[in-house]
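What follows is a set of notes on a single structure, which appears directly below.
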Amino acid sequence: MQDYVIATSSTCDLPRTYLEEHKIPFISYTYTIGDQLFEDDCREENRQKVYEGMRKGDRLKTSMITEFAYHEFFCSLLEQGKDVIFLDMSKKMSASFANAEAAARQVRSEYPERNFYVMDTVCISGGLGLLIDQMVRRMEAGMSYDEVIAWGEENKLKIAHRFTVDDLNYLKEGGRCSTPAALVGSVLSLKPVLYVPDGGTLDVAKKVRGRKKALDTIYESVKADLSEVDTKGMEIHILQADCREDAAYVRDRILADFPDVGDITITSLGVVIGAHCGPGLFTIFYLCNGRRP
């Protein structure tokens with residue numbers, strides 16, 4: 001039995017079934033629809049219901065996790081007598097990260113006999129989920145606490161994140177797109193092709209006309225990345241916000257050109273990221289030689 005645990009937050013966007021199977025504790029972000037408060041519970045069926053509601057006009061508001069909530073969560077882990085590695089989304093993308101760091105400093109003073117590591121993963125959503133999956137596999141294979149941390153730090157910038165959104169108004173509401181840009185983009189059917197660079201932010205790689213062109217542009221970038229690495233048995237994670245047909249389209253293109261890849265999973269995007277990007281968000285994550293537009 002391992003003497004440490006890998007923990008995360010609900011924004012890893014891994015399915016609840018995976019988290020339970022691998023005994024990965026997670027702390028939930030919360031969101032409101034109207035005046036009703038919900039926990040981001042990572043259940044596929046609830047994610048799908050949220051996106052169906054958003055297509056009918058529901059608007060979500062998300063809340064960051066407080067220092068107190070992190071502290072309680074961290075204490076519950078340390079009280080089990082194990083060391084902890086905690087992985088959350090990129091420091092540059094999460095207003096909650098400072099609260100996690102503050103809570104971690106406090107629990108280190110309260111549990112001086114335990115090791116507690118908070119990693120700035122510079123990953124978000126399924127990229128964070130992929131990093132967790134790779135580190136958990138190594139933990140389960142017998143790697144030590146320090147070895148798993150070292151692997152994560154060495155490889156986190158090799159996780160490619162590629163996105164496109166269907167409705168620029170969600171980015172506008174989140175402050176990532178100006179009102180004029182959203183209006184012009186909507187009129188011209190411009191779709192941003194986004195990626196996460198080494199700094200852990202969300203940047204625009206290109207703007208293209210039409211949804212199909214956006215998916216094809218993402219695929220060409222994926223193809224370029226995969227052409228430089230050994231793809232045999234490689235796992236690729238695709239997350240989608242109520243656009244499963246688009247996810248299947250990109251998956252099938254990958255399988256046609258790289259038939260030796262391993263599992264290409266298609267799951268629903270988590271609610272917190274989806275609240276800021278809207279239904280129709282398509283994302284893909286995989287290990288490569290390094291991040292690029």
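Identifiers for the structure tokens are assigned positionally: chains receive A, B, ... in sequence, residues are indexed from 1 per chain, and ligands are indexed from 1 in the order shown.
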
May I have the residues within 9 Å of range 142-151 of chain A as a PyMOL selection string, using only C-alpha atoms and disregarding those fewer than 6 positions away in the same chain?
chain A and resi 1-5+83-85+117+119+135-136

Which residues come within 9 Å of Thr217 in chain A, counting only C-alpha atoms, excluding same-chain residues fewer than 6 positions away, as a ChimeraX atom specification?
/A:193,206,208

Convert the current residue selection to file output with N, CA, C and O atoms, as an mmCIF file, in the first residue's frame.
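Saved to part22.cif:
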data_model
loop_
_atom_site.group_PDB
_atom_site.id
_atom_site.type_symbol
_atom_site.label_atom_id
_atom_site.label_comp_id
_atom_site.auth_asym_id
_atom_site.auth_seq_id
_atom_site.Cartn_x
_atom_site.Cartn_y
_atom_site.Cartn_z
ATOM 1 N N VAL A 193 -9.329 29.143 -32.369
ATOM 2 C CA VAL A 193 -8.618 27.897 -32.066
ATOM 3 C C VAL A 193 -7.646 28.247 -30.947
ATOM 4 O O VAL A 193 -6.748 29.073 -31.121
ATOM 5 N N LYS A 206 -5.249 30.690 -33.555
ATOM 6 C CA LYS A 206 -5.766 31.162 -34.844
ATOM 7 C C LYS A 206 -7.235 31.512 -34.693
ATOM 8 O O LYS A 206 -7.897 31.085 -33.739
ATOM 9 N N VAL A 208 -10.546 31.162 -37.335
ATOM 10 C CA VAL A 208 -10.910 30.612 -38.639
ATOM 11 C C VAL A 208 -12.410 30.780 -38.850
ATOM 12 O O VAL A 208 -13.171 31.022 -37.914
#

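The residues of range 94-257 of chain A that DSSP assigns to strand (DSSP E or B) on this backbone come out as Phe116, Tyr117, Val118, Met119, Asp120, Ile159, Ala160, His161, Arg162, Phe163, Thr164, Leu190, Lys191, Pro192, Val193, Leu194, Tyr195, Asp203, Val204, Ala205, Lys206, Lys207, Val208, Arg209, Ile236, His237, Ile238, Leu239 and Gln240 of chain A.
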
Export of prior selection with N, CA, C and O atoms as an mmCIF file, in the first residue's frame:
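That gives us again.cif:
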data_model
loop_
_atom_site.group_PDB
_atom_site.id
_atom_site.type_symbol
_atom_site.label_atom_id
_atom_site.label_comp_id
_atom_site.auth_asym_id
_atom_site.auth_seq_id
_atom_site.Cartn_x
_atom_site.Cartn_y
_atom_site.Cartn_z
ATOM 1 N N PHE A 116 3.524 17.573 2.218
ATOM 2 C CA PHE A 116 2.357 18.071 1.497
ATOM 3 C C PHE A 116 2.856 18.920 0.342
ATOM 4 O O PHE A 116 3.453 19.984 0.538
ATOM 5 N N TYR A 117 2.599 18.472 -0.895
ATOM 6 C CA TYR A 117 3.126 19.150 -2.092
ATOM 7 C C TYR A 117 1.966 19.669 -2.935
ATOM 8 O O TYR A 117 1.074 18.901 -3.315
ATOM 9 N N VAL A 118 1.992 20.969 -3.226
ATOM 10 C CA VAL A 118 1.014 21.579 -4.126
ATOM 11 C C VAL A 118 1.742 21.922 -5.422
ATOM 12 O O VAL A 118 2.678 22.726 -5.417
ATOM 13 N N MET A 119 1.329 21.318 -6.512
ATOM 14 C CA MET A 119 1.989 21.541 -7.795
ATOM 15 C C MET A 119 1.242 22.582 -8.612
ATOM 16 O O MET A 119 0.016 22.508 -8.738
ATOM 17 N N ASP A 120 1.984 23.545 -9.160
ATOM 18 C CA ASP A 120 1.394 24.399 -10.195
ATOM 19 C C ASP A 120 1.503 23.604 -11.484
ATOM 20 O O ASP A 120 2.543 23.542 -12.122
ATOM 21 N N ILE A 159 2.159 18.182 -22.051
ATOM 22 C CA ILE A 159 0.740 17.885 -22.253
ATOM 23 C C ILE A 159 0.126 18.987 -23.119
ATOM 24 O O ILE A 159 0.032 20.143 -22.703
ATOM 25 N N ALA A 160 -0.260 18.617 -24.337
ATOM 26 C CA ALA A 160 -0.877 19.568 -25.261
ATOM 27 C C ALA A 160 -2.345 19.759 -24.901
ATOM 28 O O ALA A 160 -3.046 18.799 -24.556
ATOM 29 N N HIS A 161 -2.802 21.017 -24.981
ATOM 30 C CA HIS A 161 -4.202 21.391 -24.756
ATOM 31 C C HIS A 161 -4.680 22.146 -25.989
ATOM 32 O O HIS A 161 -4.136 23.204 -26.310
ATOM 33 N N ARG A 162 -5.694 21.635 -26.666
ATOM 34 C CA ARG A 162 -6.230 22.333 -27.840
ATOM 35 C C ARG A 162 -7.753 22.432 -27.709
ATOM 36 O O ARG A 162 -8.413 21.454 -27.370
ATOM 37 N N PHE A 163 -8.280 23.622 -28.000
ATOM 38 C CA PHE A 163 -9.689 23.923 -27.764
ATOM 39 C C PHE A 163 -10.299 24.658 -28.952
ATOM 40 O O PHE A 163 -9.599 25.346 -29.690
ATOM 41 N N THR A 164 -11.602 24.593 -29.065
ATOM 42 C CA THR A 164 -12.353 25.594 -29.807
ATOM 43 C C THR A 164 -13.708 25.758 -29.131
ATOM 44 O O THR A 164 -14.208 24.829 -28.493
ATOM 45 N N LEU A 190 -16.661 33.521 -37.032
ATOM 46 C CA LEU A 190 -15.276 33.261 -36.667
ATOM 47 C C LEU A 190 -15.221 32.361 -35.442
ATOM 48 O O LEU A 190 -15.963 32.561 -34.475
ATOM 49 N N LYS A 191 -14.342 31.390 -35.480
ATOM 50 C CA LYS A 191 -14.169 30.467 -34.371
ATOM 51 C C LYS A 191 -12.712 30.508 -33.921
ATOM 52 O O LYS A 191 -11.802 30.293 -34.733
ATOM 53 N N PRO A 192 -12.459 30.772 -32.641
ATOM 54 C CA PRO A 192 -11.081 30.777 -32.171
ATOM 55 C C PRO A 192 -10.560 29.357 -31.970
ATOM 56 O O PRO A 192 -11.274 28.474 -31.488
ATOM 57 N N VAL A 193 -9.329 29.143 -32.369
ATOM 58 C CA VAL A 193 -8.618 27.897 -32.066
ATOM 59 C C VAL A 193 -7.646 28.247 -30.947
ATOM 60 O O VAL A 193 -6.748 29.073 -31.121
ATOM 61 N N LEU A 194 -7.848 27.643 -29.795
ATOM 62 C CA LEU A 194 -7.140 28.021 -28.573
ATOM 63 C C LEU A 194 -6.169 26.930 -28.148
ATOM 64 O O LEU A 194 -6.327 25.758 -28.496
ATOM 65 N N TYR A 195 -5.168 27.338 -27.366
ATOM 66 C CA TYR A 195 -4.246 26.356 -26.785
ATOM 67 C C TYR A 195 -3.713 26.900 -25.471
ATOM 68 O O TYR A 195 -3.886 28.088 -25.157
ATOM 69 N N ASP A 203 -4.592 30.862 -24.660
ATOM 70 C CA ASP A 203 -4.259 31.804 -25.720
ATOM 71 C C ASP A 203 -4.891 31.400 -27.054
ATOM 72 O O ASP A 203 -5.185 30.228 -27.282
ATOM 73 N N VAL A 204 -5.060 32.391 -27.922
ATOM 74 C CA VAL A 204 -5.591 32.140 -29.259
ATOM 75 C C VAL A 204 -4.444 31.794 -30.207
ATOM 76 O O VAL A 204 -3.481 32.557 -30.340
ATOM 77 N N ALA A 205 -4.547 30.628 -30.853
ATOM 78 C CA ALA A 205 -3.560 30.239 -31.857
ATOM 79 C C ALA A 205 -3.952 30.782 -33.225
ATOM 80 O O ALA A 205 -3.113 31.292 -33.969
ATOM 81 N N LYS A 206 -5.249 30.690 -33.555
ATOM 82 C CA LYS A 206 -5.766 31.162 -34.844
ATOM 83 C C LYS A 206 -7.235 31.512 -34.693
ATOM 84 O O LYS A 206 -7.897 31.085 -33.739
ATOM 85 N N LYS A 207 -7.747 32.261 -35.664
ATOM 86 C CA LYS A 207 -9.189 32.462 -35.810
ATOM 87 C C LYS A 207 -9.553 32.028 -37.220
ATOM 88 O O LYS A 207 -8.919 32.461 -38.181
ATOM 89 N N VAL A 208 -10.546 31.162 -37.335
ATOM 90 C CA VAL A 208 -10.910 30.612 -38.639
ATOM 91 C C VAL A 208 -12.410 30.780 -38.850
ATOM 92 O O VAL A 208 -13.171 31.022 -37.914
ATOM 93 N N ARG A 209 -12.834 30.631 -40.102
ATOM 94 C CA ARG A 209 -14.245 30.775 -40.444
ATOM 95 C C ARG A 209 -14.934 29.421 -40.372
ATOM 96 O O ARG A 209 -14.622 28.503 -41.131
ATOM 97 N N ILE A 236 -5.269 9.344 -25.608
ATOM 98 C CA ILE A 236 -5.695 10.695 -25.968
ATOM 99 C C ILE A 236 -7.044 10.946 -25.316
ATOM 100 O O ILE A 236 -7.932 10.094 -25.375
ATOM 101 N N HIS A 237 -7.176 12.091 -24.676
ATOM 102 C CA HIS A 237 -8.420 12.430 -23.990
ATOM 103 C C HIS A 237 -9.131 13.541 -24.755
ATOM 104 O O HIS A 237 -8.554 14.603 -24.999
ATOM 105 N N ILE A 238 -10.362 13.296 -25.153
ATOM 106 C CA ILE A 238 -11.202 14.316 -25.772
ATOM 107 C C ILE A 238 -12.358 14.619 -24.819
ATOM 108 O O ILE A 238 -13.022 13.704 -24.332
ATOM 109 N N LEU A 239 -12.562 15.904 -24.541
ATOM 110 C CA LEU A 239 -13.698 16.340 -23.738
ATOM 111 C C LEU A 239 -14.574 17.234 -24.594
ATOM 112 O O LEU A 239 -14.074 18.021 -25.407
ATOM 113 N N GLN A 240 -15.887 17.108 -24.393
ATOM 114 C CA GLN A 240 -16.813 17.883 -25.206
ATOM 115 C C GLN A 240 -17.997 18.346 -24.366
ATOM 116 O O GLN A 240 -18.393 17.678 -23.426
#

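Within 7 Å of Leu157 in chain A, once only C-alpha atoms are used and residues closer than 2 positions along the same chain are dropped, the contacting residues are Asn155, Ile159, Asp198, Gly290 and Arg291 of chain A.
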
Write the residues of the selection above to a file with N, CA and C atoms, as a CSV table (one decimal), in the first residue's frame.
chain,number,residue,atom,x,y,z
A,155,ASN,N,7.3,16.5,-16.9
A,155,ASN,CA,6.5,16.2,-18.0
A,155,ASN,C,5.3,17.0,-18.2
A,159,ILE,N,2.2,18.2,-22.1
A,159,ILE,CA,0.7,17.9,-22.3
A,159,ILE,C,0.1,19.0,-23.1
A,198,ASP,N,3.2,27.3,-22.4
A,198,ASP,CA,3.9,26.9,-21.2
A,198,ASP,C,3.6,27.7,-19.9
A,290,GLY,N,6.3,19.0,-26.7
A,290,GLY,CA,6.2,20.3,-26.1
A,290,GLY,C,5.0,21.1,-26.7
A,291,ARG,N,4.6,22.1,-26.0
A,291,ARG,CA,3.4,22.8,-26.3
A,291,ARG,C,3.8,23.9,-27.4

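You can rank A:Met64, A:Leu131, A:Ala224, A:Cys243 by their closest distance to Glu154 in chain A using only C-alpha atoms, and at the top of that list sits A:Leu131.
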
Determine, counting only C-alpha atoms, which protein, DNA and RNA residues have an atom within 8 Å of an atom of Ile33 in chain A; residues of the same chain fewer than 3 positions away are not included. Present the result as a ChimeraX atom specification.
/A:36-38,58-61

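Shortest separation to Leu130 in chain A among A:Asn289, A:Asn46, A:Thr231, A:Thr11 occurs at residue A:Thr11, atoms counted being only C-alpha atoms.
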
Could you give me the residues within range 204-246 of chain A that DSSP places in alpha helix (DSSP H), as a PDB file with C-alpha atoms, in the first residue's frame?
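Dumped everything to part_31.pdb:
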ATOM      1  CA  ARG A 211     -16.905  25.202 -36.963  1.00  0.00           C
ATOM      2  CA  LYS A 212     -15.676  22.567 -39.425  1.00  0.00           C
ATOM      3  CA  LYS A 213     -12.589  24.626 -40.222  1.00  0.00           C
ATOM      4  CA  ALA A 214     -11.863  25.007 -36.508  1.00  0.00           C
ATOM      5  CA  LEU A 215     -12.025  21.250 -35.949  1.00  0.00           C
ATOM      6  CA  ASP A 216      -9.861  20.589 -39.002  1.00  0.00           C
ATOM      7  CA  THR A 217      -7.322  23.182 -37.870  1.00  0.00           C
ATOM      8  CA  ILE A 218      -7.099  21.542 -34.459  1.00  0.00           C
ATOM      9  CA  TYR A 219      -6.671  18.153 -36.091  1.00  0.00           C
ATOM     10  CA  GLU A 220      -3.811  19.387 -38.294  1.00  0.00           C
ATOM     11  CA  SER A 221      -2.010  20.629 -35.171  1.00  0.00           C
ATOM     12  CA  VAL A 222      -2.635  17.304 -33.447  1.00  0.00           C
ATOM     13  CA  LYS A 223      -1.311  15.479 -36.507  1.00  0.00           C
ATOM     14  CA  ALA A 224       1.865  17.575 -36.500  1.00  0.00           C
ATOM     15  CA  ASP A 225       2.435  16.850 -32.808  1.00  0.00           C
ATOM     16  CA  LEU A 226       1.781  13.112 -33.089  1.00  0.00           C
ATOM     17  CA  ARG A 244     -20.157  14.442 -29.185  1.00  0.00           C
ATOM     18  CA  GLU A 245     -20.436  14.210 -32.974  1.00  0.00           C
ATOM     19  CA  ASP A 246     -17.593  16.714 -33.357  1.00  0.00           C
TER      20      ASP A 246
END

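Neighbours of Asp230 in chain A closer than or equal to 10 Å, with only C-alpha atoms counted and sequence neighbours fewer than 5 positions away skipped, come out as Asp260, Val261 and Cys288 of chain A.
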
With a distance cut-off of 7 Å and only C-alpha atoms, select the neighbouring residues of range 269-274 of chain A, excluding the residue or stretch itself and same-chain residues fewer than 5 positions from it, and output the selection as a ChimeraX atom specification.
/A:11,13,40,42,47,62,239-241,279

Any idea what's packed within 9 Å of Thr66 in chain A, counting only C-alpha atoms, ignoring anything in its chain fewer than 4 positions away? Could you give it as number ranges by chain?
A: 70-71, 96, 99-100

Kindly save the residues from that selection, with N, CA and C atoms included, as a compact mmCIF listing (two decimals), in the first residue's frame.
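The result, written out as part.txt:
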# COMPACT_ATOMS: atom_id res chain seq x y z
N TYR A 70 -10.46 24.57 1.56
CA TYR A 70 -9.22 23.82 1.26
C TYR A 70 -8.62 23.25 2.54
N HIS A 71 -8.58 24.05 3.58
CA HIS A 71 -7.97 23.61 4.84
C HIS A 71 -8.68 22.37 5.38
N SER A 96 -8.58 30.44 -7.23
CA SER A 96 -8.57 29.64 -6.01
C SER A 96 -7.17 29.19 -5.61
N ASN A 99 -5.64 30.47 -2.48
CA ASN A 99 -6.28 29.93 -1.28
C ASN A 99 -5.76 28.54 -0.96
N ALA A 100 -5.52 27.73 -2.00
CA ALA A 100 -4.97 26.39 -1.79
C ALA A 100 -3.56 26.49 -1.20

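Shortest separation to Pro293 in chain A among A:Phe74, A:Ser28, A:Glu228, A:Leu202 occurs at residue A:Leu202, atoms counted being only C-alpha atoms.
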
Selected residue, from A:Glu235, A:Glu39, A:Glu20, A:Asp242, that lies nearest to Ala7 in chain A when counting only C-alpha atoms:
A:Glu20
